[in-house]
Structure formats: C-alpha cells, structure tokens
file run37.cif (mmCIF, C-alpha atoms)
data_model
loop_
_atom_site.group_PDB
_atom_site.id
_atom_site.type_symbol
_atom_site.label_atom_id
_atom_site.label_comp_id
_atom_site.auth_asym_id
_atom_site.auth_seq_id
_atom_site.Cartn_x
_atom_site.Cartn_y
_atom_site.Cartn_z
ATOM 1 C CA MET A 1499 -55.794 83.000 19.692
ATOM 2 C CA LYS A 1500 -56.396 81.756 16.176
ATOM 3 C CA SER A 1501 -52.961 82.987 15.192
ATOM 4 C CA HIS A 1502 -51.400 81.101 18.111
ATOM 5 C CA CYS A 1503 -53.192 77.866 17.211
ATOM 6 C CA LYS A 1504 -52.138 78.237 13.626
ATOM 7 C CA GLN A 1505 -48.486 78.509 14.691
ATOM 8 C CA ILE A 1506 -48.800 75.333 16.776
ATOM 9 C CA VAL A 1507 -50.265 73.431 13.830
ATOM 10 C CA ILE A 1508 -47.427 74.606 11.571
ATOM 11 C CA VAL A 1509 -44.796 73.455 14.109
ATOM 12 C CA ILE A 1510 -46.421 70.023 14.461
ATOM 13 C CA LEU A 1511 -46.607 69.602 10.681
ATOM 14 C CA SER A 1512 -42.953 70.617 10.329
ATOM 15 C CA ILE A 1513 -41.866 68.047 12.917
ATOM 16 C CA PHE A 1514 -43.981 65.353 11.201
ATOM 17 C CA LEU A 1515 -42.546 66.148 7.766
ATOM 18 C CA LEU A 1516 -38.990 66.169 9.077
ATOM 19 C CA SER A 1517 -39.579 62.823 10.738
ATOM 20 C CA CYS A 1518 -40.968 61.296 7.526
ATOM 21 C CA SER A 1519 -38.121 62.740 5.521
ATOM 22 C CA SER A 1520 -35.578 61.267 7.949
ATOM 23 C CA ASP A 1521 -37.231 57.807 7.885
ATOM 24 C CA ASP A 1522 -37.513 57.855 4.121
ATOM 25 C CA SER A 1523 -33.875 58.863 3.789
ATOM 26 C CA ALA A 1524 -32.822 56.055 6.084
ATOM 27 C CA SER A 1525 -34.849 53.561 4.111
ATOM 28 C CA LYS A 1526 -33.140 54.606 0.915
ATOM 29 C CA THR A 1527 -29.640 54.252 2.335
ATOM 30 C CA PRO A 1528 -28.014 51.360 0.462
ATOM 31 C CA VAL A 1529 -27.114 48.312 2.583
ATOM 32 C CA THR A 1530 -23.551 47.212 2.087
ATOM 33 C CA THR A 1531 -23.260 43.406 1.794
ATOM 34 C CA LEU A 1532 -20.007 41.471 1.554
ATOM 35 C CA PRO A 1533 -19.689 39.372 -1.581
ATOM 36 C CA VAL A 1534 -19.875 35.589 -1.143
ATOM 37 C CA ILE A 1535 -16.469 34.154 -1.938
ATOM 38 C CA VAL A 1536 -16.654 30.717 -3.527
ATOM 39 C CA PRO A 1537 -13.294 28.915 -3.319
ATOM 40 C CA PRO A 1538 -12.080 27.536 -6.619
ATOM 41 C CA VAL A 1539 -12.365 23.800 -7.150
ATOM 42 C CA THR A 1540 -8.944 22.279 -6.651
ATOM 43 C CA GLU A 1541 -8.201 19.007 -8.398
ATOM 44 C CA ILE A 1542 -5.321 16.865 -7.224
ATOM 45 C CA PRO A 1543 -3.024 16.556 -10.215
ATOM 46 C CA THR A 1544 -2.257 13.041 -11.351
ATOM 47 C CA THR A 1545 1.011 12.546 -13.109
ATOM 48 C CA PRO A 1546 0.427 10.411 -16.205
ATOM 49 C CA ILE A 1547 2.254 7.091 -16.216
ATOM 50 C CA ALA A 1548 3.052 4.668 -18.997
ATOM 51 C CA SER A 1549 0.192 3.340 -21.114
ATOM 52 C CA SER A 1550 1.100 -0.194 -20.029
ATOM 53 C CA ILE A 1551 2.816 -1.602 -16.927
ATOM 54 C CA ARG A 1552 4.251 -5.114 -16.675
ATOM 55 C CA TYR A 1553 4.454 -6.586 -13.166
ATOM 56 C CA LEU A 1554 6.404 -9.723 -12.181
ATOM 57 C CA ALA A 1555 5.871 -11.359 -8.764
ATOM 58 C CA LEU A 1556 8.540 -13.794 -7.570
ATOM 59 C CA GLY A 1557 8.212 -16.030 -4.532
ATOM 60 C CA ASP A 1558 6.657 -19.077 -2.904
ATOM 61 C CA SER A 1559 3.289 -19.934 -1.315
ATOM 62 C CA TYR A 1560 2.961 -16.420 0.097
ATOM 63 C CA THR A 1561 3.074 -15.036 -3.442
ATOM 64 C CA ILE A 1562 0.991 -17.693 -5.185
ATOM 65 C CA GLY A 1563 -1.635 -17.308 -2.452
ATOM 66 C CA GLN A 1564 -1.938 -20.814 -1.022
ATOM 67 C CA SER A 1565 -5.479 -21.510 0.282
ATOM 68 C CA VAL A 1566 -7.020 -18.237 -0.976
ATOM 69 C CA CYS A 1567 -8.690 -17.374 -4.273
ATOM 70 C CA GLU A 1568 -6.556 -16.286 -7.216
ATOM 71 C CA THR A 1569 -7.644 -12.657 -6.972
ATOM 72 C CA CYS A 1570 -7.127 -12.689 -3.179
ATOM 73 C CA ARG A 1571 -3.334 -13.025 -3.245
ATOM 74 C CA TYR A 1572 -1.392 -9.822 -2.829
ATOM 75 C CA PRO A 1573 -0.025 -9.505 -6.415
ATOM 76 C CA GLU A 1574 -3.566 -9.672 -7.808
ATOM 77 C CA GLN A 1575 -4.903 -7.252 -5.207
ATOM 78 C CA LEU A 1576 -2.069 -4.862 -6.039
ATOM 79 C CA LYS A 1577 -2.809 -5.111 -9.759
ATOM 80 C CA LEU A 1578 -6.518 -4.414 -9.213
ATOM 81 C CA ILE A 1579 -5.959 -1.356 -7.047
ATOM 82 C CA LEU A 1580 -3.391 -0.011 -9.522
ATOM 83 C CA LYS A 1581 -5.936 -0.407 -12.323
ATOM 84 C CA ALA A 1582 -8.426 1.597 -10.271
ATOM 85 C CA THR A 1583 -5.820 4.257 -9.481
ATOM 86 C CA TYR A 1584 -4.553 4.587 -13.050
ATOM 87 C CA PRO A 1585 -7.544 3.684 -15.260
ATOM 88 C CA GLN A 1586 -5.778 4.817 -18.449
ATOM 89 C CA THR A 1587 -2.976 2.285 -17.928
ATOM 90 C CA ASP A 1588 -3.052 -1.380 -18.852
ATOM 91 C CA PHE A 1589 -1.563 -3.621 -16.145
ATOM 92 C CA SER A 1590 -0.365 -7.166 -16.754
ATOM 93 C CA LEU A 1591 0.837 -9.632 -14.102
ATOM 94 C CA LYS A 1592 3.109 -12.643 -14.304
ATOM 95 C CA VAL A 1593 3.698 -14.828 -11.237
ATOM 96 C CA ILE A 1594 6.648 -17.171 -10.809
ATOM 97 C CA ALA A 1595 5.978 -18.840 -7.466
ATOM 98 C CA ARG A 1596 4.994 -22.180 -5.979
ATOM 99 C CA THR A 1597 4.222 -23.580 -2.550
ATOM 100 C CA GLY A 1598 7.310 -25.087 -0.912
ATOM 101 C CA TRP A 1599 9.894 -23.285 -3.018
ATOM 102 C CA THR A 1600 13.207 -22.367 -1.467
ATOM 103 C CA THR A 1601 15.631 -19.817 -2.861
ATOM 104 C CA SER A 1602 17.222 -22.630 -4.900
ATOM 105 C CA ASP A 1603 13.859 -23.613 -6.411
ATOM 106 C CA LEU A 1604 13.052 -20.037 -7.374
ATOM 107 C CA ILE A 1605 16.436 -19.553 -9.034
ATOM 108 C CA SER A 1606 15.888 -22.725 -11.070
ATOM 109 C CA ALA A 1607 12.361 -21.670 -12.075
ATOM 110 C CA ILE A 1608 13.516 -18.246 -13.248
ATOM 111 C CA ASN A 1609 16.329 -19.812 -15.248
ATOM 112 C CA ASN A 1610 13.947 -22.326 -16.825
ATOM 113 C CA GLU A 1611 11.276 -19.753 -17.738
ATOM 114 C CA ASN A 1612 13.826 -17.169 -18.805
ATOM 115 C CA PRO A 1613 11.343 -14.257 -18.671
ATOM 116 C CA ASP A 1614 11.948 -11.063 -20.635
ATOM 117 C CA ALA A 1615 13.938 -8.434 -18.792
ATOM 118 C CA ASN A 1616 11.435 -5.664 -19.406
ATOM 119 C CA TYR A 1617 9.239 -5.526 -16.288
ATOM 120 C CA ASP A 1618 8.245 -2.166 -14.828
ATOM 121 C CA LEU A 1619 7.757 -3.656 -11.364
ATOM 122 C CA VAL A 1620 9.199 -6.772 -9.715
ATOM 123 C CA THR A 1621 8.347 -7.969 -6.201
ATOM 124 C CA LEU A 1622 10.318 -10.641 -4.340
ATOM 125 C CA LEU A 1623 9.245 -12.599 -1.244
ATOM 126 C CA ILE A 1624 11.281 -15.722 -0.531
ATOM 127 C CA GLY A 1625 12.968 -17.614 2.287
ATOM 128 C CA VAL A 1626 10.366 -19.159 4.579
ATOM 129 C CA ASN A 1627 10.920 -22.633 3.131
ATOM 130 C CA ASN A 1628 14.660 -22.328 3.628
ATOM 131 C CA GLN A 1629 13.862 -21.852 7.315
ATOM 132 C CA TYR A 1630 11.043 -24.426 7.479
ATOM 133 C CA GLN A 1631 13.093 -27.104 5.724
ATOM 134 C CA GLN A 1632 16.024 -26.264 7.990
ATOM 135 C CA ARG A 1633 18.387 -25.452 5.154
ATOM 136 C CA ASP A 1634 21.635 -23.976 6.346
ATOM 137 C CA PHE A 1635 21.349 -20.200 6.691
ATOM 138 C CA SER A 1636 24.496 -19.815 4.589
ATOM 139 C CA LEU A 1637 22.445 -20.977 1.571
ATOM 140 C CA TYR A 1638 20.143 -17.975 1.959
ATOM 141 C CA GLN A 1639 23.128 -15.694 2.438
ATOM 142 C CA LYS A 1640 24.460 -16.953 -0.887
ATOM 143 C CA GLU A 1641 21.239 -17.180 -2.933
ATOM 144 C CA PHE A 1642 19.148 -14.228 -1.782
ATOM 145 C CA PRO A 1643 21.637 -11.712 -3.251
ATOM 146 C CA GLN A 1644 21.579 -13.740 -6.478
ATOM 147 C CA LEU A 1645 17.782 -13.512 -6.592
ATOM 148 C CA LEU A 1646 17.894 -9.802 -5.850
ATOM 149 C CA ASN A 1647 20.268 -9.281 -8.770
ATOM 150 C CA LYS A 1648 17.985 -11.360 -11.009
ATOM 151 C CA ALA A 1649 15.000 -9.254 -9.924
ATOM 152 C CA ILE A 1650 16.877 -6.050 -10.768
ATOM 153 C CA ALA A 1651 17.903 -7.429 -14.156
ATOM 154 C CA LEU A 1652 14.283 -8.409 -14.917
ATOM 155 C CA ALA A 1653 13.150 -4.916 -13.894
ATOM 156 C CA LYS A 1654 14.965 -3.421 -16.887
ATOM 157 C CA GLY A 1655 18.109 -3.280 -14.813
ATOM 158 C CA ASP A 1656 16.582 -0.537 -12.648
ATOM 159 C CA LYS A 1657 16.793 -1.261 -8.910
ATOM 160 C CA LYS A 1658 14.139 1.339 -8.085
ATOM 161 C CA ASN A 1659 11.577 -0.886 -9.843
ATOM 162 C CA VAL A 1660 12.142 -3.716 -7.345
ATOM 163 C CA LEU A 1661 10.384 -4.243 -4.008
ATOM 164 C CA VAL A 1662 11.334 -6.953 -1.511
ATOM 165 C CA LEU A 1663 8.809 -8.095 1.085
ATOM 166 C CA SER A 1664 9.787 -9.498 4.472
ATOM 167 C CA ILE A 1665 9.008 -13.121 5.331
ATOM 168 C CA PRO A 1666 5.780 -13.704 7.316
ATOM 169 C CA ASP A 1667 6.064 -15.354 10.731
ATOM 170 C CA TYR A 1668 4.097 -18.608 10.744
ATOM 171 C CA ALA A 1669 4.824 -19.128 14.474
ATOM 172 C CA TYR A 1670 1.741 -16.947 15.042
ATOM 173 C CA THR A 1671 -0.714 -19.250 13.276
ATOM 174 C CA PRO A 1672 -3.041 -22.034 14.447
ATOM 175 C CA PHE A 1673 -0.759 -24.421 12.502
ATOM 176 C CA ALA A 1674 2.113 -23.686 14.892
ATOM 177 C CA SER A 1675 0.027 -23.210 18.027
ATOM 178 C CA GLY A 1676 0.615 -26.854 18.953
ATOM 179 C CA TYR A 1677 4.380 -26.348 18.957
ATOM 180 C CA SER A 1678 6.162 -25.777 22.228
ATOM 181 C CA GLN A 1679 6.875 -22.196 23.180
ATOM 182 C CA ALA A 1680 10.568 -22.878 22.695
ATOM 183 C CA ASN A 1681 9.993 -24.062 19.117
ATOM 184 C CA ARG A 1682 7.759 -21.100 18.301
ATOM 185 C CA THR A 1683 10.373 -18.714 19.656
ATOM 186 C CA LYS A 1684 13.021 -20.469 17.575
ATOM 187 C CA ILE A 1685 10.909 -20.022 14.405
ATOM 188 C CA SER A 1686 10.424 -16.313 15.067
ATOM 189 C CA ASP A 1687 14.101 -15.775 15.866
ATOM 190 C CA GLU A 1688 15.218 -17.533 12.693
ATOM 191 C CA ILE A 1689 12.732 -15.644 10.505
ATOM 192 C CA GLU A 1690 13.992 -12.431 12.099
ATOM 193 C CA GLN A 1691 17.517 -13.459 11.114
ATOM 194 C CA TYR A 1692 16.431 -14.047 7.520
ATOM 195 C CA ASN A 1693 14.588 -10.746 7.349
ATOM 196 C CA THR A 1694 17.462 -8.770 8.846
ATOM 197 C CA PHE A 1695 19.824 -10.194 6.252
ATOM 198 C CA ALA A 1696 17.391 -9.481 3.414
ATOM 199 C CA GLU A 1697 16.757 -5.915 4.578
ATOM 200 C CA ASN A 1698 20.455 -5.146 4.973
ATOM 201 C CA THR A 1699 21.148 -6.582 1.528
ATOM 202 C CA CYS A 1700 18.425 -4.364 0.066
ATOM 203 C CA ILE A 1701 19.777 -1.285 1.829
ATOM 204 C CA ASN A 1702 23.273 -1.964 0.535
ATOM 205 C CA ASN A 1703 21.916 -2.314 -2.993
ATOM 206 C CA GLY A 1704 19.525 0.634 -2.928
ATOM 207 C CA VAL A 1705 16.401 -1.566 -3.167
ATOM 208 C CA SER A 1706 13.146 -0.867 -1.286
ATOM 209 C CA PHE A 1707 12.293 -3.305 1.505
ATOM 210 C CA VAL A 1708 8.718 -3.551 2.807
ATOM 211 C CA SER A 1709 8.187 -5.173 6.199
ATOM 212 C CA ILE A 1710 4.906 -7.048 6.587
ATOM 213 C CA THR A 1711 5.980 -9.562 9.267
ATOM 214 C CA ASP A 1712 4.296 -7.628 12.082
ATOM 215 C CA ILE A 1713 0.943 -8.081 10.326
ATOM 216 C CA THR A 1714 1.308 -11.862 10.389
ATOM 217 C CA ARG A 1715 2.307 -11.788 14.067
ATOM 218 C CA GLN A 1716 -1.300 -10.879 14.834
ATOM 219 C CA GLY A 1717 -2.459 -14.240 13.452
ATOM 220 C CA LEU A 1718 -3.322 -15.778 16.832
ATOM 221 C CA SER A 1719 -5.124 -12.721 18.194
ATOM 222 C CA ASN A 1720 -6.956 -12.082 14.911
ATOM 223 C CA LYS A 1721 -7.911 -15.332 13.198
ATOM 224 C CA ASN A 1722 -9.254 -13.375 10.206
ATOM 225 C CA LEU A 1723 -5.643 -12.823 9.145
ATOM 226 C CA VAL A 1724 -5.097 -16.554 8.579
ATOM 227 C CA ALA A 1725 -6.419 -18.619 5.659
ATOM 228 C CA SER A 1726 -8.653 -21.657 6.106
ATOM 229 C CA ASP A 1727 -5.616 -23.963 6.225
ATOM 230 C CA GLY A 1728 -4.537 -22.357 9.496
ATOM 231 C CA LEU A 1729 -1.104 -21.500 8.117
ATOM 232 C CA HIS A 1730 -1.060 -19.054 5.234
ATOM 233 C CA PRO A 1731 -2.231 -15.416 5.109
ATOM 234 C CA SER A 1732 -5.884 -14.733 4.371
ATOM 235 C CA GLU A 1733 -7.349 -12.335 1.833
ATOM 236 C CA LEU A 1734 -7.523 -9.702 4.591
ATOM 237 C CA ALA A 1735 -3.851 -10.167 5.468
ATOM 238 C CA TYR A 1736 -2.930 -9.819 1.793
ATOM 239 C CA LYS A 1737 -4.953 -6.602 1.657
ATOM 240 C CA LEU A 1738 -2.865 -5.255 4.535
ATOM 241 C CA PHE A 1739 0.284 -6.329 2.654
ATOM 242 C CA THR A 1740 -0.979 -4.417 -0.380
ATOM 243 C CA ASP A 1741 -1.673 -1.313 1.710
ATOM 244 C CA ARG A 1742 1.989 -1.339 2.775
ATOM 245 C CA ILE A 1743 3.279 -1.888 -0.748
ATOM 246 C CA LEU A 1744 1.069 0.580 -2.629
ATOM 247 C CA PRO A 1745 2.722 3.880 -1.560
ATOM 248 C CA LYS A 1746 6.148 2.631 -2.662
ATOM 249 C CA VAL A 1747 4.741 1.405 -5.988
ATOM 250 C CA LYS A 1748 3.160 4.793 -6.624
ATOM 251 C CA MET A 1749 6.532 6.447 -5.994
ATOM 252 C CA ILE A 1750 8.084 4.155 -8.613
ATOM 253 C CA PHE A 1751 5.496 5.086 -11.216
ATOM 254 C CA GLN A 1752 5.569 8.813 -10.467
ATOM 255 C CA ASP A 1753 9.381 9.140 -10.749
#

call {"tool": "encode", "arguments": {"input": "run37.cif", "output": "structure tokens"}}
result
Amino acid sequence: MKSHCKQIVIVILSIFLLSCSSDDSASKTPVTTLPVIVPPVTEIPTTPIASSIRYLALGDSYTIGQSVCETCRYPEQLKLILKATYPQTDFSLKVIARTGWTTSDLISAINNENPDANYDLVTLLIGVNNQYQQRDFSLYQKEFPQLLNKAIALAKGDKKNVLVLSIPDYAYTPFASGYSQANRTKISDEIEQYNTFAENTCINNGVSFVSITDITRQGLSNKNLVASDGLHPSELAYKLFTDRILPKVKMIFQD
C-alpha cells in the first residue's frame, strides 16, 4: 500500500514538473515584433531662380487699381505673393498705367518713359477704354499687336516672359446696372470681341493669355468683387486675378 501511494505521488510530481517546464519554456519564447517603419521626410524641391526679378505692369485703371489701395491692385498682390514664394529673390515692380487710357495712350506713355528692355516679367491688360469711349474696333486691331510687340521687347525680347490678361466686363457692375439690358448685352458682346482678338493674337505669337473676365461677370451676384466706386474690381477680385496668373508666372521663373 505504501509502495502504491509512493508511485502515485511520483506520477503527480512528474506531471507538475512537466507542466511548469512547459509554461516556463513558453514564457521564454521570444516574441517576434515587426519593426516600425518611419517614412523619410520628403521635401518638395524648389528650383532656385534669379537673385532679382524685375516686373513691369502695363495697362489702365484695372492695372493701376482705381478705387482700391496701392497694395490691393493685382500687380502688387502678385509681387507680394512672389516674395513669399521665393524669399531669397528681390522683386521690383514698375507700373505704367492710368485710369482712362486707351491703347493709343499706353503706346504714347511707353514711348515717353522709354523704360529699359530688361524686365523678367511683363503683364499687359488694355482695351476697355477703347470700347467704353467707342473707338473704332479697327484701332484696337492695329494697336494691340503693337503693344504686344513692345511688351515682348521690354521683356528682354523673350515672349515667354509676357502675360496678357483679358478685359474685365463692367456690364456686371452696379455702375452699369442702370443701363438697359440691350446696352449691357452690347457691352459684353463688344468686350468679348476685344478679348477674342487679343487671345488669338497671343496664340499666334506664342504669348500666354490669362482669362479673368468670368470673375468680373460675378460682380452683380457678389458685390464683394466690386470696389467702392461700383465699377472697378475690388481687392478680392484682384486676388482672384492673381490666383489665375500665379501658376503661369511660376512656370516662367522655373524654365
């Protein structure tokens, strides 16, 4: 009997020891963990541009920024955002523009000022006063190509450094809201004629054309797009102009 009990005790102890050994072995089994992969920091490369950029803006009241602050007009807004984009580059701006100028007036002003032909960027927006003053359309057909050639010459003779903006449509402003529908339609149709000619001329000469007319055609539904005089673009409208222009300007500088 004692021998039998002793055998039972031995069996129980063996089972207990085997169980402990198994648990201990399991606890010592190394746990495989996947390494944490940290993606490398990717910086968007910025192609260096010239240490200084000279910008010339040619036009009329839409360029000089009639009824908005000096830094609100689109050439100034463009210069400021370019400075922020390329902080290592010095940007200078010259504006040849005045309220009421036609293509003839702008040609005379350029000839009188005789600016240096070493600008890295030239923008041109002209023609609304030809339409408003009811000059014959043939005058624009004759003088716009002349102004485009002058702009190219002033841009170091490089047509890729020139941007032409379309003419805003003042039929969609409080100023023109008192006109008859027939007169407002006539204004829009004539401005469309001017813009089509300007765009086709740019295409034929390999010059970039930026259309901003659709922005100004929201002037009656969004009064914030019109300056306090009820006629000219507001600071917000000029910001939207600048947003359209900026990608093309960046392409010029990155070439």

call {"tool": "residues_around", "arguments": {"input": "run37.cif", "residues": "Leu1661 (chain A)", "least_positions_apart": "2", "cutoff": "6 Å", "atoms": "all atoms listed in the file", "output": "PDB file with C-alpha atoms, in the frame of the given file"}}
result
ATOM      1  CA  THR A1621       8.347  -7.969  -6.201  1.00  0.00           C
ATOM      2  CA  SER A1706      13.146  -0.867  -1.286  1.00  0.00           C
ATOM      3  CA  PHE A1707      12.293  -3.305   1.505  1.00  0.00           C
TER       4      PHE A1707
END

call {"tool": "residues_around", "arguments": {"input": "run37.cif", "residues": "Ile1624 (chain A)", "least_positions_apart": "2", "cutoff": "8 Å", "atoms": "only C-alpha atoms", "output": "PyMOL selection string"}}
result
chain A and resi 1556-1558+1600-1601+1622+1626-1627+1665

call {"tool": "residues_around", "arguments": {"input": "run37.cif", "residues": "Tyr1692 (chain A)", "least_positions_apart": "3", "cutoff": "10 Å", "atoms": "only C-alpha atoms", "output": "ChimeraX atom specification"}}
result
/A:1624-1626,1628-1629,1635,1638-1639,1642,1664-1665,1686-1689,1695-1697

call {"tool": "write_last_selection", "arguments": {"input": "run37.cif", "atoms": "C-alpha atoms", "output": "CSV table (one decimal), in the coordinates of the input"}}
result
chain,number,residue,atom,x,y,z
A,1624,ILE,CA,11.3,-15.7,-0.5
A,1625,GLY,CA,13.0,-17.6,2.3
A,1626,VAL,CA,10.4,-19.2,4.6
A,1628,ASN,CA,14.7,-22.3,3.6
A,1629,GLN,CA,13.9,-21.9,7.3
A,1635,PHE,CA,21.3,-20.2,6.7
A,1638,TYR,CA,20.1,-18.0,2.0
A,1639,GLN,CA,23.1,-15.7,2.4
A,1642,PHE,CA,19.1,-14.2,-1.8
A,1664,SER,CA,9.8,-9.5,4.5
A,1665,ILE,CA,9.0,-13.1,5.3
A,1686,SER,CA,10.4,-16.3,15.1
A,1687,ASP,CA,14.1,-15.8,15.9
A,1688,GLU,CA,15.2,-17.5,12.7
A,1689,ILE,CA,12.7,-15.6,10.5
A,1695,PHE,CA,19.8,-10.2,6.3
A,1696,ALA,CA,17.4,-9.5,3.4
A,1697,GLU,CA,16.8,-5.9,4.6

call {"tool": "atom_distance", "arguments": {"input": "run37.cif", "atom1": "CA of Lys1746 (chain A)", "atom2": "CA of Lys1657 (chain A)"}}
result
12.9 Å

call {"tool": "atom_distance", "arguments": {"input": "run37.cif", "atom1": "CA of Pro1585 (chain A)", "atom2": "CA of Val1662 (chain A)"}}
result
25.7 Å

call {"tool": "resolve_selection", "arguments": {"input": "run37.cif", "expression": "the PyMOL selection byres ((chain A and resi 1718) around 7)", "output": "PyMOL selection string"}}
result
chain A and resi 1670-1672+1716-1717+1719-1721

call {"tool": "closest_residue", "arguments": {"input": "run37.cif", "among": "A:Ile1710, A:Ala1582, A:Ile1608, A:Cys1700", "to": "Leu1663 (chain A)", "atoms": "only C-alpha atoms"}}
result
A:Ile1710

call {"tool": "residues_near_point", "arguments": {"input": "run37.cif", "point": "(0.8, -14.8, -8.5)", "cutoff": "12 Å", "atoms": "only C-alpha atoms", "output": "PyMOL selection string"}}
result
chain A and resi 1553-1564+1566-1577+1590-1597+1620-1623

call {"tool": "closest_residue", "arguments": {"input": "run37.cif", "among": "A:Ala1649, A:Ala1725, A:Leu1619, A:Ala1548", "to": "Asp1588 (chain A)", "atoms": "only C-alpha atoms"}}
result
A:Ala1548

call {"tool": "atom_distance", "arguments": {"input": "run37.cif", "atom1": "CA of Gly1655 (chain A)", "atom2": "CA of Gln1691 (chain A)"}}
result
27.9 Å

call {"tool": "closest_residue", "arguments": {"input": "run37.cif", "among": "A:Ala1653, A:Ile1713, A:Val1747, A:Val1660", "to": "Ala1735 (chain A)", "atoms": "only C-alpha atoms"}}
result
A:Ile1713

call {"tool": "closest_residue", "arguments": {"input": "run37.cif", "among": "A:Met1749, A:Leu1744, A:Leu1637, A:Ala1674", "to": "His1730 (chain A)", "atoms": "all atoms listed in the file"}}
result
A:Ala1674

call {"tool": "closest_residue", "arguments": {"input": "run37.cif", "among": "A:Pro1666, A:Tyr1630, A:Ile1750, A:Gly1598", "to": "Pro1731 (chain A)", "atoms": "all atoms listed in the file"}}
result
A:Pro1666

call {"tool": "closest_residue", "arguments": {"input": "run37.cif", "among": "A:Asn1616, A:Asn1698, A:Gln1752, A:Ser1726", "to": "Phe1673 (chain A)", "atoms": "all atoms listed in the file"}}
result
A:Ser1726

call {"tool": "decode", "arguments": {"input": "run37.cif", "residues": "region 1694-1711 of chain A", "atoms": "N, CA and C atoms", "output": "short mmCIF file (atom, residue, chain, number, x, y, z; two decimals), in the first residue's frame"}}
result
data_model
loop_
_atom_site.label_atom_id
_atom_site.label_comp_id
_atom_site.auth_asym_id
_atom_site.auth_seq_id
_atom_site.Cartn_x
_atom_site.Cartn_y
_atom_site.Cartn_z
N THR A 1694 -11.43 88.15 -77.70
CA THR A 1694 -11.17 87.11 -78.70
C THR A 1694 -10.02 87.51 -79.61
N PHE A 1695 -10.02 88.78 -80.01
CA PHE A 1695 -8.92 89.25 -80.86
C PHE A 1695 -7.59 89.20 -80.10
N ALA A 1696 -7.60 89.65 -78.87
CA ALA A 1696 -6.37 89.66 -78.07
C ALA A 1696 -5.86 88.23 -77.86
N GLU A 1697 -6.75 87.32 -77.52
CA GLU A 1697 -6.33 85.93 -77.29
C GLU A 1697 -5.76 85.30 -78.56
N ASN A 1698 -6.43 85.51 -79.67
CA ASN A 1698 -5.94 84.94 -80.93
C ASN A 1698 -4.58 85.53 -81.32
N THR A 1699 -4.41 86.82 -81.06
CA THR A 1699 -3.12 87.45 -81.34
C THR A 1699 -2.03 86.85 -80.47
N CYS A 1700 -2.35 86.60 -79.22
CA CYS A 1700 -1.38 85.98 -78.30
C CYS A 1700 -1.03 84.56 -78.76
N ILE A 1701 -2.03 83.80 -79.13
CA ILE A 1701 -1.79 82.44 -79.59
C ILE A 1701 -0.88 82.43 -80.81
N ASN A 1702 -1.15 83.32 -81.73
CA ASN A 1702 -0.35 83.39 -82.96
C ASN A 1702 1.08 83.83 -82.70
N ASN A 1703 1.29 84.51 -81.58
CA ASN A 1703 2.64 84.99 -81.25
C ASN A 1703 3.30 84.20 -80.13
N GLY A 1704 2.66 83.13 -79.70
CA GLY A 1704 3.25 82.29 -78.65
C GLY A 1704 3.32 82.96 -77.29
N VAL A 1705 2.34 83.83 -76.99
CA VAL A 1705 2.31 84.55 -75.71
C VAL A 1705 1.17 84.01 -74.86
N SER A 1706 1.39 83.88 -73.56
CA SER A 1706 0.36 83.36 -72.64
C SER A 1706 -0.76 84.38 -72.46
N PHE A 1707 -1.99 83.88 -72.49
CA PHE A 1707 -3.18 84.71 -72.31
C PHE A 1707 -3.94 84.17 -71.11
N VAL A 1708 -4.25 85.04 -70.15
CA VAL A 1708 -4.95 84.62 -68.94
C VAL A 1708 -6.33 85.28 -68.92
N SER A 1709 -7.37 84.46 -68.93
CA SER A 1709 -8.73 84.99 -68.92
C SER A 1709 -9.22 85.19 -67.50
N ILE A 1710 -9.63 86.42 -67.19
CA ILE A 1710 -10.17 86.73 -65.87
C ILE A 1710 -11.56 87.37 -65.98
N THR A 1711 -12.09 87.45 -67.21
CA THR A 1711 -13.37 88.12 -67.44
C THR A 1711 -14.51 87.45 -66.69
#
